[in-house]
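> Sending over target_20.pdb (PDB, C-alpha atoms).
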ATOM      1  CA  MET A 177      13.218   5.988  16.559
ATOM      2  CA  THR A 178      11.378   8.499  14.395
ATOM      3  CA  ILE A 179      12.833  11.179  12.165
ATOM      4  CA  ARG A 180      11.130  14.524  12.684
ATOM      5  CA  SER A 181      12.683  16.482   9.825
ATOM      6  CA  ILE A 182      15.326  16.380   7.122
ATOM      7  CA  GLU A 183      16.954  19.341   5.384
ATOM      8  CA  ILE A 184      18.418  19.000   1.897
ATOM      9  CA  ASP A 185      20.396  21.696   0.096
ATOM     10  CA  GLY A 186      18.830  21.650  -3.332
ATOM     11  CA  HIS A 187      18.449  23.590  -6.531
ATOM     12  CA  ALA A 188      15.550  25.620  -5.079
ATOM     13  CA  GLY A 189      17.421  26.427  -1.844
ATOM     14  CA  THR A 190      16.979  24.543   1.393
ATOM     15  CA  ILE A 191      14.326  21.831   1.093
ATOM     16  CA  THR A 192      12.803  20.789   4.427
ATOM     17  CA  ILE A 193      10.797  17.607   4.898
ATOM     18  CA  ALA A 194       9.019  17.804   8.271
ATOM     19  CA  ARG A 195       6.792  15.258   9.991
ATOM     20  CA  THR A 196       3.137  16.184  10.584
ATOM     21  CA  ASP A 197       0.262  14.317  12.205
ATOM     22  CA  ALA A 198      -0.987  13.171   8.791
ATOM     23  CA  GLY A 199       2.351  12.566   7.044
ATOM     24  CA  ALA A 200       5.034  14.993   5.848
ATOM     25  CA  LEU A 201       5.204  18.651   4.842
ATOM     26  CA  VAL A 202       7.748  19.714   2.202
ATOM     27  CA  THR A 203       8.884  23.326   2.084
ATOM     28  CA  ALA A 204      11.318  25.083  -0.235
ATOM     29  CA  GLY A 205      12.711  28.070   1.619
ATOM     30  CA  ASN A 206       9.707  29.768   3.229
ATOM     31  CA  GLN A 207       7.130  28.414   0.753
ATOM     32  CA  VAL A 208       5.137  25.232   1.216
ATOM     33  CA  ALA A 209       5.691  22.948  -1.780
ATOM     34  CA  PHE A 210       3.222  20.193  -0.835
ATOM     35  CA  GLU A 211       1.933  17.974   1.954
ATOM     36  CA  MET A 212       2.095  14.195   1.620
ATOM     37  CA  ARG A 213      -0.305  12.064   3.639
ATOM     38  CA  ARG A 214       0.961   8.694   4.796
ATOM     39  CA  ASP A 215      -2.229   6.971   3.596
ATOM     40  CA  GLU A 216      -1.835   8.131  -0.030
ATOM     41  CA  PRO A 217      -1.553   5.358  -2.630
ATOM     42  CA  ARG A 218       1.842   4.369  -3.996
ATOM     43  CA  ASP A 219       1.395   6.189  -7.327
ATOM     44  CA  ALA A 220       0.500   9.443  -5.580
ATOM     45  CA  ARG A 221       3.554   9.160  -3.324
ATOM     46  CA  TRP A 222       5.746   8.549  -6.405
ATOM     47  CA  ALA A 223       4.345  11.724  -8.010
ATOM     48  CA  ARG A 224       5.137  13.655  -4.817
ATOM     49  CA  ALA A 225       8.676  12.248  -4.856
ATOM     50  CA  CYS A 226       9.090  13.408  -8.473
ATOM     51  CA  HIS A 227       7.978  16.901  -7.469
ATOM     52  CA  ALA A 228      10.388  16.936  -4.512
ATOM     53  CA  ALA A 229      13.211  15.707  -6.775
ATOM     54  CA  GLU A 230      12.535  18.655  -9.093
ATOM     55  CA  LEU A 231      13.061  20.971  -6.122
ATOM     56  CA  VAL A 232      16.264  19.194  -5.131
ATOM     57  CA  TYR A 233      17.855  18.560  -8.555
ATOM     58  CA  GLY A 234      16.165  21.165 -10.757
ATOM     59  CA  ARG A 235      14.931  20.742 -14.338
ATOM     60  CA  ASP A 236      16.746  20.011 -17.580
ATOM     61  CA  ARG A 237      16.529  22.077 -20.767
ATOM     62  CA  LYS A 238      13.323  20.317 -21.824
ATOM     63  CA  GLY A 239      11.608  21.130 -18.520
ATOM     64  CA  ARG A 240      11.780  17.600 -17.124
ATOM     65  CA  CYS A 241      13.135  16.658 -13.733
ATOM     66  CA  ALA A 242      16.944  16.536 -13.890
ATOM     67  CA  ALA A 243      17.076  13.400 -11.740
ATOM     68  CA  THR A 244      17.401   9.743 -12.624
ATOM     69  CA  ASN A 245      14.950   7.141 -11.312
ATOM     70  CA  SER A 246      17.420   6.111  -8.623
ATOM     71  CA  MET A 247      17.702   9.733  -7.456
ATOM     72  CA  ILE A 248      13.906   9.979  -7.286
ATOM     73  CA  HIS A 249      13.820   6.725  -5.303
ATOM     74  CA  GLU A 250      16.274   8.201  -2.787
ATOM     75  CA  VAL A 251      14.028  11.243  -2.319
ATOM     76  CA  TRP A 252      10.987   8.956  -2.059
ATOM     77  CA  THR A 253      12.706   6.881   0.627
ATOM     78  CA  GLU A 254      13.418   9.979   2.689
ATOM     79  CA  LEU A 255       9.840  11.229   2.271
ATOM     80  CA  ASP A 256       8.504   7.875   3.471
ATOM     81  CA  ARG A 257      10.937   7.772   6.403
ATOM     82  CA  VAL A 258       9.842  11.182   7.651
ATOM     83  CA  ALA A 259       6.122  10.572   6.977
ATOM     84  CA  GLY A 260       6.212   7.214   8.724
ATOM     85  CA  CYS A 261       4.979   5.156   5.753
TER      86      CYS A 261
END
Produce structure tokens that represent the structure in this file.

Amino acid sequence: MTIRSIEIDGHAGTITIARTDAGALVTAGNQVAFEMRRDEPRDARWARACHAAELVYGRDRKGRCAATNSMIHEVWTELDRVAGC
């Protein structure tokens, strides 16, 4: 079973993670946030998950992602599930 897309109601509106031929496409509303390839190294996928977590949870007063590491891991897991990593 493959997951084709996931929608998350986040700080920046509706965040959609959709499967593509190369991996996953993340959109916030009608704007493309980024595309994650399934062959990217682990560190690059973590950075993409941090960016997606910023869209979902927003930023704190210092401009950092307002998500804990476990929250970022949850977003990362969903990105990998959709991308097929």
> Enter the distance from atom CA of A:Ala204 to atom CA of A:Glu230, in Å, rounded to one decimal.
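Going from atom CA of A:Ala204 over to atom CA of A:Glu230 covers 11.0 Å.
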> Give the centre and edge lengths of an axis-aligned box, in Å to one decimal, that holds all listed atoms of stretch 184-190 of chain A with 5 Å on each side, as AutoDock Vina command-line options.

--center_x 18.0 --center_y 22.7 --center_z -2.3 --size_x 14.8 --size_y 17.4 --size_z 18.4
> Give me the residues within 8 Å of stretch 185-197 of chain A as a VMD selection string, counting all atoms listed in the file and dropping any in the same chain fewer than 2 places off.
chain A and resid 179 to 183 199 to 205 231 to 234 255 258 to 259
> List, as a ChimeraX atom specification, every residue that the PyMOL selection byres ((chain A and resi 215-222) around 9) selects in the file provided.
/A:198-199,212-214,223-227,248-249,252,255-256,261
> State, in Å with one decimal place, the distance from atom CA of A:Arg240 to atom CA of A:Arg257.
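For atom CA of A:Arg240 relative to atom CA of A:Arg257, the distance reads 25.5 Å.
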> Rank nothing, just name the residue among A:Val208, A:Thr178, A:Gly239, A:Ile184 nearest to A:Val251, using all atoms listed in the file.
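Once distances to A:Val251 are computed over all atoms listed in the file, the minimum belongs to A:Ile184.
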> Report, in Å with one decimal, the straight-line distance from atom CA of A:Ala243 to atom CA of A:Ala229.
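One can read the atom CA of A:Ala243 to atom CA of A:Ala229 distance as 6.7 Å.
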> Could I see stretch 193-207 of chain A restored to N, CA and C atoms, set down as a compact mmCIF listing (two decimals), keeping the file's coordinate frame?

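Output file part_5.txt is given in full below:
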# COMPACT_ATOMS: atom_id res chain seq x y z
N ILE A 193 11.86 18.61 4.81
CA ILE A 193 10.80 17.61 4.90
C ILE A 193 10.53 17.42 6.38
N ALA A 194 9.36 17.84 6.85
CA ALA A 194 9.02 17.80 8.27
C ALA A 194 7.83 16.88 8.51
N ARG A 195 7.87 16.18 9.62
CA ARG A 195 6.79 15.26 9.99
C ARG A 195 5.58 16.04 10.50
N THR A 196 4.39 15.62 10.08
CA THR A 196 3.14 16.18 10.58
C THR A 196 2.29 15.04 11.13
N ASP A 197 1.15 15.36 11.69
CA ASP A 197 0.26 14.32 12.20
C ASP A 197 -0.24 13.40 11.10
N ALA A 198 -0.43 13.95 9.90
CA ALA A 198 -0.99 13.17 8.79
C ALA A 198 0.07 12.58 7.87
N GLY A 199 1.31 13.06 7.95
CA GLY A 199 2.35 12.57 7.04
C GLY A 199 3.58 13.46 7.07
N ALA A 200 3.85 14.14 5.95
CA ALA A 200 5.03 14.99 5.85
C ALA A 200 4.69 16.28 5.10
N LEU A 201 5.36 17.35 5.48
CA LEU A 201 5.20 18.65 4.84
C LEU A 201 6.54 19.01 4.21
N VAL A 202 6.53 19.36 2.93
CA VAL A 202 7.75 19.71 2.20
C VAL A 202 7.71 21.20 1.91
N THR A 203 8.78 21.89 2.33
CA THR A 203 8.88 23.33 2.08
C THR A 203 10.18 23.61 1.35
N ALA A 204 10.14 24.60 0.48
CA ALA A 204 11.32 25.08 -0.24
C ALA A 204 11.52 26.53 0.20
N GLY A 205 12.52 26.75 1.04
CA GLY A 205 12.71 28.07 1.62
C GLY A 205 11.58 28.35 2.59
N ASN A 206 10.84 29.43 2.37
CA ASN A 206 9.71 29.77 3.23
C ASN A 206 8.37 29.41 2.61
N GLN A 207 8.37 28.75 1.45
CA GLN A 207 7.13 28.41 0.75
C GLN A 207 6.83 26.93 0.89
